[in-house]
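K.L.:
Okay, so here is final03.pdb, and as you'll see once you scroll down, it has PDB, C-alpha atoms and all ligand atoms.
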```pdb
ATOM      1  CA  MET A 158      19.913  -3.812  62.992
ATOM      2  CA  ILE A 159      22.413  -4.736  60.266
ATOM      3  CA  GLN A 160      22.556  -1.782  57.929
ATOM      4  CA  PRO A 161      24.936  -2.170  54.982
ATOM      5  CA  LYS A 162      25.789   1.024  53.136
ATOM      6  CA  ILE A 163      26.125   1.426  49.398
ATOM      7  CA  LYS A 164      29.730   1.078  48.171
ATOM      8  CA  MET A 165      30.752  -0.687  51.364
ATOM      9  CA  LYS A 166      33.477  -3.245  50.835
ATOM     10  CA  VAL A 167      32.233  -6.846  51.098
ATOM     11  CA  VAL A 168      34.517  -9.483  52.586
ATOM     12  CA  GLY A 169      33.834 -13.198  52.463
ATOM     13  CA  SER A 170      34.979 -15.665  55.068
ATOM     14  CA  ASP A 171      38.155 -16.216  53.031
ATOM     15  CA  ARG A 172      38.765 -13.047  51.005
ATOM     16  CA  ASP A 173      37.365  -9.806  49.563
ATOM     17  CA  VAL A 174      34.508 -10.341  47.109
ATOM     18  CA  GLY A 175      33.503  -6.808  46.023
ATOM     19  CA  GLU A 176      31.269  -4.003  47.219
ATOM     20  CA  VAL A 177      27.580  -3.290  47.904
ATOM     21  CA  SER A 178      25.843  -1.823  44.864
ATOM     22  CA  ASN A 179      22.202  -2.053  45.995
ATOM     23  CA  VAL A 180      20.038  -3.405  48.727
ATOM     24  CA  ILE A 181      16.784  -5.267  48.282
ATOM     25  CA  ALA A 182      13.859  -4.701  50.624
ATOM     26  CA  ASP A 183      11.002  -7.034  51.466
ATOM     27  CA  PRO A 184       7.872  -5.095  50.435
ATOM     28  CA  VAL A 185       5.803  -6.755  53.169
ATOM     29  CA  THR A 186       8.091  -6.427  56.179
ATOM     30  CA  LYS A 187       9.742  -3.234  54.792
ATOM     31  CA  SER A 188      13.106  -4.556  55.957
ATOM     32  CA  LEU A 189      16.222  -5.565  54.008
ATOM     33  CA  SER A 190      16.113  -9.072  52.566
ATOM     34  CA  HIS A 191      19.272  -9.112  50.392
ATOM     35  CA  ILE A 192      22.295  -7.111  49.496
ATOM     36  CA  VAL A 193      23.558  -6.882  45.937
ATOM     37  CA  VAL A 194      27.283  -7.454  45.772
ATOM     38  CA  CYS A 195      29.169  -6.139  42.783
ATOM     39  CA  THR A 196      31.916  -8.753  42.555
ATOM     40  CA  ASP A 197      35.389  -8.302  41.169
ATOM     41  CA  ASP A 198      34.432 -10.005  37.908
ATOM     42  CA  GLY A 199      31.757  -7.334  37.301
ATOM     43  CA  GLY A 200      28.738  -9.511  38.146
ATOM     44  CA  GLN A 201      26.060  -8.486  40.635
ATOM     45  CA  ARG A 202      25.167 -11.290  43.029
ATOM     46  CA  VAL A 203      22.050 -11.257  45.167
ATOM     47  CA  VAL A 204      23.155 -12.341  48.612
ATOM     48  CA  PRO A 205      20.633 -13.032  51.429
ATOM     49  CA  ILE A 206      20.879 -10.618  54.357
ATOM     50  CA  ASP A 207      21.279 -13.500  56.766
ATOM     51  CA  GLN A 208      24.720 -14.162  55.270
ATOM     52  CA  VAL A 209      25.832 -10.785  56.639
ATOM     53  CA  ALA A 210      27.706 -11.422  59.897
ATOM     54  CA  ASP A 211      28.778  -7.898  60.684
ATOM     55  CA  VAL A 212      28.701  -4.352  59.354
ATOM     56  CA  SER A 213      31.279  -1.999  60.692
ATOM     57  CA  GLU A 214      34.140  -0.880  58.440
ATOM     58  CA  GLY A 215      32.703  -3.121  55.732
ATOM     59  CA  VAL A 216      30.245  -5.927  55.228
ATOM     60  CA  VAL A 217      31.556  -9.209  56.564
ATOM     61  CA  LEU A 218      29.892 -12.316  55.216
ATOM     62  CA  ARG A 219      29.540 -15.669  56.879
ATOM     63  CA  CYS A 220      30.079 -17.446  53.532
ATOM     64  CA  SER A 221      33.108 -17.757  51.298
ATOM     65  CA  ALA A 222      33.781 -15.981  48.003
ATOM     66  CA  VAL A 223      33.000 -19.228  46.150
ATOM     67  CA  THR A 224      29.581 -19.386  47.796
ATOM     68  CA  VAL A 225      28.913 -15.761  46.793
ATOM     69  CA  SER A 226      29.721 -16.605  43.189
ATOM     70  CA  GLY A 227      26.981 -19.255  43.379
ATOM     71  CA  TYR A 228      24.233 -16.803  44.331
ATOM     72  CA  PRO A 229      21.969 -15.636  41.465
ATOM     73  CA  LEU A 230      22.946 -12.699  39.335
ATOM     74  CA  LEU A 231      20.768  -9.637  39.688
ATOM     75  CA  CYS A 232      18.094  -9.535  36.973
ATOM     76  CA  ARG A 233      17.276  -5.836  36.953
ATOM     77  CA  ASP A 234      13.934  -6.381  35.170
ATOM     78  CA  ASP A 235      12.688  -8.322  38.194
ATOM     79  CA  TYR A 236      13.030  -5.275  40.468
ATOM     80  CA  THR A 237      11.800  -1.734  40.667
ATOM     81  CA  THR A 238      13.057   1.072  42.832
ATOM     82  CA  VAL A 239      11.331   2.243  45.958
ATOM     83  CA  HIS A 240      10.630   5.499  44.178
ATOM     84  CA  GLN A 241       8.826   3.698  41.346
ATOM     85  CA  GLN A 242       6.601   1.912  43.833
ATOM     86  CA  GLU A 243       6.132   5.076  45.887
ATOM     87  CA  VAL A 244       6.938   3.537  49.249
ATOM     88  CA  ALA A 245       7.373   6.795  51.118
ATOM     89  CA  GLY A 246      10.102   7.023  53.698
ATOM     90  CA  LEU A 247      11.364   3.448  53.269
ATOM     91  CA  GLU A 248      14.875   4.395  52.201
ATOM     92  CA  ALA A 249      15.139   6.928  55.022
ATOM     93  CA  ARG A 250      14.056   4.289  57.511
ATOM     94  CA  LEU A 251      16.532   1.756  56.103
ATOM     95  CA  ASP A 252      19.192   4.463  56.051
ATOM     96  CA  VAL A 253      20.001   3.779  52.403
ATOM     97  CA  ASP A 254      20.925   6.398  49.836
ATOM     98  CA  PRO A 255      17.905   7.267  47.647
ATOM     99  CA  GLY A 256      17.665   5.225  44.446
ATOM    100  CA  HIS A 257      19.606   2.202  45.681
ATOM    101  CA  THR A 258      16.842   0.213  47.359
ATOM    102  CA  LEU A 259      15.156  -2.307  45.072
ATOM    103  CA  LEU A 260      11.790  -3.970  45.506
ATOM    104  CA  PRO A 261      10.952  -7.259  43.758
ATOM    105  CA  VAL A 262       8.392  -7.051  40.984
ATOM    106  CA  PRO A 263       5.466  -9.368  41.796
ATOM    107  CA  GLU A 264       5.707 -12.722  40.002
ATOM    108  CA  GLY A 265       2.589 -12.091  37.961
ATOM    109  CA  ASP A 266       4.054  -8.924  36.479
ATOM    110  CA  ARG A 267       7.303 -10.539  35.345
ATOM    111  CA  ASP A 268       8.226 -12.369  32.193
ATOM    112  CA  ILE A 269       7.303  -9.474  29.930
ATOM    113  CA  PRO A 270       8.887 -11.074  26.816
ATOM    114  CA  ARG A 271       6.646 -14.109  27.229
ATOM    115  CA  ARG A 272       3.582 -11.939  27.671
ATOM    116  CA  GLY A 273       4.680  -9.897  24.646
ATOM    117  CA  PHE A 274       4.871 -13.087  22.648
ATOM    118  CA  PHE A 275       1.355 -14.065  23.655
ATOM    119  CA  THR A 276       0.083 -10.585  22.807
ATOM    120  CA  LYS A 277       1.615 -10.812  19.328
ATOM    121  CA  PHE A 278       0.362 -14.357  18.955
ATOM    122  CA  THR A 279      -3.174 -13.244  19.829
ATOM    123  CA  ILE A 280      -2.989 -10.374  17.311
ATOM    124  CA  ALA A 281      -1.758 -12.776  14.626
ATOM    125  CA  ILE A 282      -4.583 -15.231  15.337
ATOM    126  CA  ASN A 283      -7.136 -12.416  15.185
ATOM    127  CA  ALA A 284      -5.655 -11.202  11.895
ATOM    128  CA  VAL A 285      -5.912 -14.688  10.401
ATOM    129  CA  LEU A 286      -9.515 -14.990  11.583
ATOM    130  CA  ALA A 287     -10.341 -11.552  10.133
ATOM    131  CA  ILE A 288      -9.080 -12.360   6.609
ATOM    132  CA  PRO A 289     -12.214 -14.277   5.501
ATOM    133  CA  LEU A 290     -14.341 -11.364   6.727
ATOM    134  CA  ALA A 291     -12.213  -8.593   5.221
ATOM    135  CA  TYR A 292     -11.455 -10.274   1.892
ATOM    136  CA  PRO A 293     -14.878  -9.820   0.241
ATOM    137  CA  VAL A 294     -14.962  -6.161   1.300
ATOM    138  CA  LEU A 295     -11.435  -5.469   0.007
ATOM    139  CA  LYS A 296     -12.120  -7.355  -3.179
ATOM    140  CA  PHE A 297     -15.282  -5.331  -3.739
ATOM    141  CA  LEU A 298     -13.440  -2.034  -3.174
ATOM    142  CA  ILE A 299     -10.319  -2.666  -5.233
ATOM    143  CA  HIS A 300     -11.809  -4.849  -7.933
ATOM    144  CA  PRO A 301     -12.366  -1.991 -10.416
ATOM    145  CA  MET A 302      -8.634  -1.139 -10.296
ATOM    146  CA  TYR A 303      -7.635  -4.628 -11.329
ATOM    147  CA  ALA A 304     -10.645  -5.622 -13.360
ATOM    148  CA  PRO A 305      -9.909  -6.460 -16.987
ATOM    149  CA  TYR A 306     -10.983  -3.886 -19.554
ATOM    150  CA  SER A 307     -14.468  -4.312 -20.893
ATOM    151  CA  ASN A 308     -14.357  -5.425 -24.498
ATOM    152  CA  GLN A 309     -18.082  -5.124 -24.867
ATOM    153  CA  TRP A 310     -19.359  -4.330 -28.355
ATOM    154  CA  VAL A 311     -21.587  -1.261 -28.589
ATOM    155  CA  LYS A 312     -23.750  -0.324 -31.551
ATOM    156  CA  LEU A 313     -22.781   3.089 -32.916
ATOM    157  CA  ALA A 314     -24.414   3.370 -36.338
ATOM    158  CA  SER A 315     -25.790   1.387 -39.275
ATOM    159  CA  THR A 316     -24.269   0.871 -42.694
ATOM    160  CA  ASN A 317     -27.427   2.202 -44.364
ATOM    161  CA  GLN A 318     -26.738   5.617 -42.818
ATOM    162  CA  PHE A 319     -23.765   6.041 -45.129
ATOM    163  CA  SER A 320     -24.567   6.682 -48.762
ATOM    164  CA  ASP A 321     -21.437   8.726 -49.413
ATOM    165  CA  ALA A 322     -17.860   7.711 -48.742
ATOM    166  CA  ASP A 323     -15.535   9.953 -46.721
ATOM    167  CA  ALA A 324     -18.430  11.784 -45.062
ATOM    168  CA  PRO A 325     -17.794  11.211 -41.326
ATOM    169  CA  ARG A 326     -20.528  11.756 -38.770
ATOM    170  CA  SER A 327     -20.521  11.933 -35.035
ATOM    171  CA  TYR A 328     -22.666   9.382 -33.202
ATOM    172  CA  ARG A 329     -23.692   9.443 -29.573
ATOM    173  CA  PHE A 330     -24.078   6.489 -27.298
ATOM    174  CA  LYS A 331     -24.567   5.851 -23.576
ATOM    175  CA  LYS A 332     -21.597   4.783 -21.529
ATOM    176  CA  THR A 333     -21.908   3.252 -18.047
ATOM    177  CA  ILE A 334     -18.888   2.940 -15.821
ATOM    178  CA  LYS A 335     -18.358   1.663 -12.303
ATOM    179  CA  GLU A 336     -16.114   3.622  -9.940
ATOM    180  CA  GLY A 337     -15.746   1.585  -6.757
ATOM    181  CA  TYR A 338     -19.318   0.914  -5.746
ATOM    182  CA  LEU A 339     -20.725   3.850  -7.728
ATOM    183  CA  GLU A 340     -22.141   3.440 -11.205
ATOM    184  CA  ARG A 341     -22.748   6.321 -13.568
ATOM    185  CA  THR A 342     -24.004   6.654 -17.104
ATOM    186  CA  PHE A 343     -23.131   9.492 -19.449
ATOM    187  CA  ASP A 344     -23.171  10.427 -23.136
ATOM    188  CA  LYS A 345     -20.146   9.870 -25.346
ATOM    189  CA  SER A 346     -19.623  10.217 -29.049
ATOM    190  CA  HIS A 347     -17.323   8.824 -31.705
ATOM    191  CA  TRP A 348     -16.908   9.461 -35.391
ATOM    192  CA  ALA A 349     -17.865   6.839 -37.950
ATOM    193  CA  MET A 350     -17.607   6.862 -41.722
ATOM    194  CA  LYS A 351     -17.618   4.740 -44.804
ATOM    195  CA  ALA A 352     -14.104   5.131 -46.145
ATOM    196  CA  SER A 353     -13.231   5.381 -49.820
ATOM    197  CA  PRO A 354     -10.499   2.928 -51.001
ATOM    198  CA  GLY A 355      -7.890   5.712 -50.842
ATOM    199  CA  THR A 356      -8.873   6.737 -47.326
ATOM    200  CA  LEU A 357      -8.991   3.105 -46.202
ATOM    201  CA  GLU A 358      -5.475   2.614 -47.523
ATOM    202  CA  SER A 359      -4.300   5.718 -45.602
ATOM    203  CA  VAL A 360      -5.932   4.478 -42.374
ATOM    204  CA  TYR A 361      -4.545   0.946 -42.571
ATOM    205  CA  GLN A 362      -1.336   1.592 -44.502
ATOM    206  CA  GLY A 363      -1.299  -1.909 -45.898
ATOM    207  CA  LYS A 364      -1.901  -3.906 -42.717
ATOM    208  CA  ASP A 365      -4.697  -4.898 -40.391
ATOM    209  CA  ILE A 366      -4.852  -3.157 -37.017
ATOM    210  CA  GLU A 367      -4.437  -5.411 -33.984
ATOM    211  CA  PHE A 368      -5.809  -4.490 -30.558
ATOM    212  CA  ARG A 369      -4.117  -6.075 -27.568
ATOM    213  CA  ASP A 370      -5.123  -6.415 -23.922
ATOM    214  CA  LYS A 371      -2.867  -5.825 -20.871
ATOM    215  CA  SER A 372      -1.159  -9.175 -21.251
ATOM    216  CA  GLY A 373      -0.377  -8.513 -24.902
ATOM    217  CA  GLU A 374      -3.024 -10.918 -26.196
ATOM    218  CA  VAL A 375      -4.820  -9.767 -29.345
ATOM    219  CA  TYR A 376      -8.507  -9.312 -28.536
ATOM    220  CA  TRP A 377      -9.586  -7.936 -31.903
ATOM    221  CA  VAL A 378      -8.260  -7.278 -35.389
ATOM    222  CA  ASN A 379      -9.683  -4.586 -37.673
ATOM    223  CA  ARG A 380      -9.456  -5.977 -41.205
ATOM    224  CA  ARG A 381      -8.225  -3.476 -43.736
ATOM    225  CA  ASN A 382     -10.854  -4.513 -46.312
ATOM    226  CA  VAL A 383     -13.786  -3.453 -44.089
ATOM    227  CA  PRO A 384     -14.686   0.043 -45.285
ATOM    228  CA  TYR A 385     -16.304   1.306 -42.082
ATOM    229  CA  VAL A 386     -13.966   3.182 -39.779
ATOM    230  CA  VAL A 387     -14.632   4.531 -36.288
ATOM    231  CA  PHE A 388     -12.417   7.212 -34.752
ATOM    232  CA  SER A 389     -12.443   7.919 -31.012
ATOM    233  CA  GLY A 390     -14.236  11.204 -30.332
ATOM    234  CA  LYS A 391     -11.333  12.412 -28.175
ATOM    235  CA  CYS A 392      -8.448  14.396 -29.606
ATOM    236  CA  PRO A 393      -5.191  12.512 -28.851
ATOM    237  CA  HIS A 394      -3.549  15.774 -27.767
ATOM    238  CA  LEU A 395      -5.421  16.429 -24.517
ATOM    239  CA  GLY A 396      -8.758  14.739 -25.018
ATOM    240  CA  CYS A 397     -11.012  17.536 -26.343
ATOM    241  CA  GLY A 398     -13.869  16.869 -28.745
ATOM    242  CA  TYR A 399     -13.274  17.828 -32.387
ATOM    243  CA  LYS A 400     -15.371  18.607 -35.478
ATOM    244  CA  TRP A 401     -15.436  17.718 -39.155
ATOM    245  CA  ARG A 402     -15.431  21.063 -40.923
ATOM    246  CA  SER A 403     -13.802  23.252 -43.511
ATOM    247  CA  THR A 404     -10.809  25.313 -42.505
ATOM    248  CA  LYS A 405      -8.909  28.142 -44.163
ATOM    249  CA  LYS A 406      -6.250  25.857 -45.433
ATOM    250  CA  TYR A 407      -8.116  22.573 -45.885
ATOM    251  CA  SER A 408     -11.462  22.201 -47.580
ATOM    252  CA  MET A 409     -12.615  19.621 -45.012
ATOM    253  CA  ALA A 410     -10.698  18.247 -42.031
ATOM    254  CA  PHE A 411     -11.110  17.201 -38.425
ATOM    255  CA  LEU A 412     -10.426  20.343 -36.385
ATOM    256  CA  CYS A 413      -9.823  20.347 -32.647
ATOM    257  CA  PRO A 414     -10.573  23.844 -31.342
ATOM    258  CA  CYS A 415      -8.659  23.453 -28.076
ATOM    259  CA  HIS A 416      -5.134  23.837 -29.502
ATOM    260  CA  LEU A 417      -5.906  23.751 -33.200
ATOM    261  CA  SER A 418      -4.781  20.288 -34.123
ATOM    262  CA  ILE A 419      -6.039  19.412 -37.583
ATOM    263  CA  TYR A 420      -6.385  15.879 -38.945
ATOM    264  CA  ASP A 421      -7.112  14.619 -42.448
ATOM    265  CA  ILE A 422      -9.965  12.276 -43.382
ATOM    266  CA  ALA A 423      -7.808   9.245 -42.491
ATOM    267  CA  GLY A 424      -7.028  10.708 -39.041
ATOM    268  CA  GLY A 425      -3.439  11.709 -39.907
ATOM    269  CA  VAL A 426      -2.085  14.870 -38.264
ATOM    270  CA  LEU A 427      -1.949  17.807 -40.692
ATOM    271  CA  THR A 428      -0.920  20.448 -38.186
ATOM    272  CA  GLY A 429      -1.023  21.302 -34.485
ATOM    273  CA  PRO A 430       0.383  19.799 -31.269
ATOM    274  CA  ALA A 431      -1.313  16.380 -31.561
ATOM    275  CA  PRO A 432       1.332  13.690 -30.912
ATOM    276  CA  ARG A 433      -0.383  10.974 -32.967
ATOM    277  CA  ALA A 434      -3.141  10.321 -35.480
ATOM    278  CA  LEU A 435      -6.774   9.994 -34.398
ATOM    279  CA  ASP A 436      -7.407   6.719 -32.570
ATOM    280  CA  VAL A 437      -9.090   4.071 -34.676
ATOM    281  CA  LEU A 438     -11.353   1.916 -32.504
ATOM    282  CA  PRO A 439     -12.022  -1.831 -32.772
ATOM    283  CA  THR A 440     -14.902  -1.976 -35.246
ATOM    284  CA  ARG A 441     -17.094  -4.688 -36.735
ATOM    285  CA  VAL A 442     -20.138  -4.825 -38.969
ATOM    286  CA  THR A 443     -22.826  -7.288 -37.948
ATOM    287  CA  PRO A 444     -24.723  -9.389 -40.521
ATOM    288  CA  GLY A 445     -27.679  -7.054 -39.890
ATOM    289  CA  GLY A 446     -25.608  -4.024 -40.917
ATOM    290  CA  ASP A 447     -24.943  -2.543 -37.483
ATOM    291  CA  ILE A 448     -21.608  -0.829 -37.028
ATOM    292  CA  GLU A 449     -20.345  -1.778 -33.600
ATOM    293  CA  MET A 450     -17.239  -0.678 -31.744
ATOM    294  CA  ILE A 451     -15.422  -1.338 -28.481
ATOM    295  CA  ASP A 452     -15.208   1.907 -26.542
ATOM    296  CA  VAL A 453     -11.466   1.942 -25.963
ATOM    297  CA  GLU A 454      -9.648   5.018 -24.649
ATOM    298  CA  PHE A 455      -5.938   5.671 -24.905
ATOM    299  CA  LYS A 456      -3.771   8.023 -22.887
ATOM    300  CA  ALA A 457      -3.730  11.505 -24.346
ATOM    301  CA  GLY A 458      -0.577  13.471 -25.056
ATOM    302  CA  ARG A 459       1.765  10.676 -26.128
ATOM    303  CA  ALA A 460       2.784   9.207 -29.446
ATOM    304  CA  ASP A 461       2.112   5.570 -28.549
ATOM    305  CA  ARG A 462      -1.256   4.158 -27.597
ATOM    306  CA  VAL A 463      -1.652   3.115 -23.971
ATOM    307  CA  ARG A 464      -5.125   1.898 -23.166
ATOM    308  CA  VAL A 465      -6.774   3.460 -20.103
ATOM    309  CA  ILE A 466     -10.390   2.276 -20.528
TER     310      ILE A 466
HETATM  311  S1  LIG A 501      -6.872  18.822 -27.208
HETATM  312 FE1  LIG A 501      -7.009  18.783 -29.332
HETATM  313  S2  LIG A 501      -5.448  20.022 -29.951
HETATM  314 FE2  LIG A 501      -5.237  20.060 -27.828
END
```
Render the structure in this file as structure tokens.
P.N.:
Amino acid sequence: MIQPKIKMKVVGSDRDVGEVSNVIADPVTKSLSHIVVCTDDGGQRVVPIDQVADVSEGVVLRCSAVTVSGYPLLCRDDYTTVHQQEVAGLEARLDVDPGHTLLPVPEGDRDIPRRGFFTKFTIAINAVLAIPLAYPVLKFLIHPMYAPYSNQWVKLASTNQFSDADAPRSYRFKKTIKEGYLERTFDKSHWAMKASPGTLESVYQGKDIEFRDKSGEVYWVNRRNVPYVVFSGKCPHLGCGYKWRSTKKYSMAFLCPCHLSIYDIAGGVLTGPAPRALDVLPTRVTPGGDIEMIDVEFKAGRADRVRVI
């Protein structure tokens, strides 16, 4: 039996061609089918065993060096080792050093890149098909985050409840909000008053108040000649509720008990940590005398007004 050894010199019919780097076994017959010749140019050529004429000092081939250079290069991905295929005792029987005998990978298991492509292609097709199914669910879940603010008008009080000017009162109303797919209703309150001309001037300081949406579009303008004013019930410092009451220093003022911010009748800061005046809300008076507002909320703790609801 012809039994080439690893690292044996390989000689063609005309000249040296390289040395044996591996042998390839036939998995069915369990005998050698090829030798792998590492040629002088660094390539590894798969040479059929029947081209081996003799094995003594080295491997002598029947073919020339040019013919060897025409045999296919070894594609390592097309072969496994005997160890990987667990063919016990094969290398011992072939008298080959362990780890140097290769077995061809079956045709059906080759071409991994192509199979990888088809796997990715299948995933992509499935993803495309899933979009119409997933879209309504995703839209339903994330819609509240991107939904425009509600500019719904809510009745808070009536003009006939105000006989005196500069006598603010707190009014409750029901607020319903949606959080994802949950809806909850709770009580809120704001302050409303009929403002005297002096107070109105302090609130508006000579100009109408514009309210803008996220895109910067004006969605409402409070006219400075409308004497009914609504203040948000939340203190602009950190959002606590506040009262209209007398204090040591001021006969009447809006007092926030949380950190003792005090505001005058026009909402201006008299003392305390509040970073801005009380928030005036979009307000209108209907022909029937209802005082309506849009329940806007601004971020607490900052001097400018950034709408959050
Ligand atoms: S929350 Fe009103 S003063 Fe701090």
K.L.:
Can you work out which one of A:Thr428, A:Thr196, A:Ser418, A:Gln362 has the shortest atom-to-atom distance to ligand LIG 501 (chain A), counting all atoms listed in the file?
P.N.:
A:Ser418
K.L.:
Enumerate as a VMD selection string the residues within 7 Å of ligand LIG 501 (chain A), counting all atoms listed in the file.
P.N.:
chain A and resid 392 to 397 413 to 418 429 to 431
K.L.:
Write a file of the selected residues as a compact mmCIF listing (two decimals), keeping the file's coordinate frame, keeping C-alpha atoms.
P.N.:
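Written file, part38.txt:
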```txt
# COMPACT_ATOMS: atom_id res chain seq x y z
CA CYS A 392 -8.45 14.40 -29.61
CA PRO A 393 -5.19 12.51 -28.85
CA HIS A 394 -3.55 15.77 -27.77
CA LEU A 395 -5.42 16.43 -24.52
CA GLY A 396 -8.76 14.74 -25.02
CA CYS A 397 -11.01 17.54 -26.34
CA CYS A 413 -9.82 20.35 -32.65
CA PRO A 414 -10.57 23.84 -31.34
CA CYS A 415 -8.66 23.45 -28.08
CA HIS A 416 -5.13 23.84 -29.50
CA LEU A 417 -5.91 23.75 -33.20
CA SER A 418 -4.78 20.29 -34.12
CA GLY A 429 -1.02 21.30 -34.48
CA PRO A 430 0.38 19.80 -31.27
CA ALA A 431 -1.31 16.38 -31.56
```
K.L.:
Pick out the closest residue to A:Leu435 from this set: A:Asp452, A:His347, A:Pro384, A:Ala210. Count all atoms listed in the file.
P.N.:
A:His347
K.L.:
Counting only C-alpha atoms, what is within 12 Å of A:Tyr306, bar same-chain residues fewer than 4 positions away, as a PDB file with C-alpha atoms, keeping the file's coordinate frame?
P.N.:
```pdb
ATOM      1  CA  HIS A 300     -11.809  -4.849  -7.933  1.00  0.00           C
ATOM      2  CA  PRO A 301     -12.366  -1.991 -10.416  1.00  0.00           C
ATOM      3  CA  MET A 302      -8.634  -1.139 -10.296  1.00  0.00           C
ATOM      4  CA  ILE A 334     -18.888   2.940 -15.821  1.00  0.00           C
ATOM      5  CA  LYS A 335     -18.358   1.663 -12.303  1.00  0.00           C
ATOM      6  CA  ARG A 369      -4.117  -6.075 -27.568  1.00  0.00           C
ATOM      7  CA  ASP A 370      -5.123  -6.415 -23.922  1.00  0.00           C
ATOM      8  CA  LYS A 371      -2.867  -5.825 -20.871  1.00  0.00           C
ATOM      9  CA  SER A 372      -1.159  -9.175 -21.251  1.00  0.00           C
ATOM     10  CA  TYR A 376      -8.507  -9.312 -28.536  1.00  0.00           C
ATOM     11  CA  ILE A 451     -15.422  -1.338 -28.481  1.00  0.00           C
ATOM     12  CA  ASP A 452     -15.208   1.907 -26.542  1.00  0.00           C
ATOM     13  CA  VAL A 453     -11.466   1.942 -25.963  1.00  0.00           C
ATOM     14  CA  GLU A 454      -9.648   5.018 -24.649  1.00  0.00           C
ATOM     15  CA  ARG A 464      -5.125   1.898 -23.166  1.00  0.00           C
ATOM     16  CA  VAL A 465      -6.774   3.460 -20.103  1.00  0.00           C
ATOM     17  CA  ILE A 466     -10.390   2.276 -20.528  1.00  0.00           C
TER      18      ILE A 466
END
```
K.L.:
Taking only C-alpha atoms into account, which of A:Val174, A:Ile280, A:Val442, A:Val225 comes nearest A:Lys351?
P.N.:
A:Val442
K.L.:
Could you tell me which of A:Val180, A:Met450, A:Met409, A:Ala284 comes closest to A:Pro255 if we count only C-alpha atoms?
P.N.:
A:Val180
K.L.:
Counting all atoms listed in the file, which residue out of A:Gly446, A:Asn382, A:Gly355, A:Val209 sits closest to A:Ser190?
P.N.:
A:Val209
K.L.:
Determine the nearest neighbour of A:Val194 from the options A:Lys456, A:Val383, A:Asp207, A:Pro229, counting only C-alpha atoms.
P.N.:
A:Pro229
K.L.:
Could you give me, as a VMD selection string, the residues within 7 Å of A:Thr237, counting all atoms listed in the file and dropping anything in the same chain fewer than 4 positions from it?
P.N.:
chain A and resid 241 259 to 262
K.L.:
Could you tell me how far atom CA of A:Gln318 sits from atom CA of A:Val360, in Å to one decimal place?
P.N.:
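Here the two named atoms are 20.8 Å from each other.
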K.L.:
Mind pulling up the distance from atom CA of A:Ala322 to atom CA of A:Ala352?
P.N.:
5.2 Å
K.L.:
Kindly give the distance, in Å, that separates atom CA of A:Tyr399 and atom CA of A:Phe411, rounded to a single decimal.
P.N.:
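According to the coordinates, atom CA of A:Tyr399 and atom CA of A:Phe411 are separated by 6.4 Å.
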K.L.:
Which neighbours of A:Ser178 fall inside 10 Å, counting only C-alpha atoms, when residues of the same chain fewer than 4 positions from it are skipped, and could you give them as a count of residues only?
P.N.:
14
K.L.:
Which residues come within 12 Å of A:Ser188, counting all atoms listed in the file, excluding same-chain residues fewer than 2 positions away, as a PyMOL selection string?
P.N.:
chain A and resi 158-160+180-186+190-192+206+247-253+258-260
K.L.:
Using only C-alpha atoms, collect all residues at a distance of at most 8 Å from (-9.4, 6.4, -34.9) as written in the file, then present them as a PDB file with C-alpha atoms, in the coordinates of the input.
P.N.:
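Generated output (selection.pdb):
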```pdb
ATOM      1  CA  VAL A 386     -13.966   3.182 -39.779  1.00  0.00           C
ATOM      2  CA  VAL A 387     -14.632   4.531 -36.288  1.00  0.00           C
ATOM      3  CA  PHE A 388     -12.417   7.212 -34.752  1.00  0.00           C
ATOM      4  CA  SER A 389     -12.443   7.919 -31.012  1.00  0.00           C
ATOM      5  CA  GLY A 424      -7.028  10.708 -39.041  1.00  0.00           C
ATOM      6  CA  ALA A 434      -3.141  10.321 -35.480  1.00  0.00           C
ATOM      7  CA  LEU A 435      -6.774   9.994 -34.398  1.00  0.00           C
ATOM      8  CA  ASP A 436      -7.407   6.719 -32.570  1.00  0.00           C
ATOM      9  CA  VAL A 437      -9.090   4.071 -34.676  1.00  0.00           C
ATOM     10  CA  LEU A 438     -11.353   1.916 -32.504  1.00  0.00           C
TER      11      LEU A 438
END
```
K.L.:
Kindly provide, as lines of an AutoDock Vina configuration file, the centre and edge lengths (Å, one decimal) of an axis-aligned box around all atoms of stretch 428-442 of chain A given in the file, with 4 Å on each side.
P.N.:
```
center_x = -9.4
center_y = 8.2
center_z = -34.9
size_x = 29.5
size_y = 34.1
size_z = 16.1
```
K.L.:
Evaluate the PyMOL selection byres (((chain A and resi 316) around 10) and not hetatm) here and jot the selected residues down as a PyMOL selection string.
P.N.:
chain A and resi 314-315+317-320+349-351+384-385+442-443+445-448
K.L.:
Can you translate the PyMOL selection byres (((chain A and resi 421) around 9) and not hetatm) into the concrete residues it hits in this file, as an MDAnalysis selection string?
P.N.:
chainID A and resid 407 409:412 419:420 422:427
K.L.:
Name every residue that the PyMOL selection byres (((chain A and resi 346) around 10) and not hetatm) selects in this structure, writing the answer as a PyMOL selection string with chains first and numbers rising.
P.N.:
chain A and resi 313+326-332+344-345+347-349+388-391+398+452
K.L.:
Got time to write the residues from that selection, C-alpha atoms, as a compact mmCIF listing (two decimals), keeping the file's coordinate frame?
P.N.:
```
# COMPACT_ATOMS: atom_id res chain seq x y z
CA LEU A 313 -22.78 3.09 -32.92
CA ARG A 326 -20.53 11.76 -38.77
CA SER A 327 -20.52 11.93 -35.03
CA TYR A 328 -22.67 9.38 -33.20
CA ARG A 329 -23.69 9.44 -29.57
CA PHE A 330 -24.08 6.49 -27.30
CA LYS A 331 -24.57 5.85 -23.58
CA LYS A 332 -21.60 4.78 -21.53
CA ASP A 344 -23.17 10.43 -23.14
CA LYS A 345 -20.15 9.87 -25.35
CA HIS A 347 -17.32 8.82 -31.70
CA TRP A 348 -16.91 9.46 -35.39
CA ALA A 349 -17.86 6.84 -37.95
CA PHE A 388 -12.42 7.21 -34.75
CA SER A 389 -12.44 7.92 -31.01
CA GLY A 390 -14.24 11.20 -30.33
CA LYS A 391 -11.33 12.41 -28.18
CA GLY A 398 -13.87 16.87 -28.74
CA ASP A 452 -15.21 1.91 -26.54
```
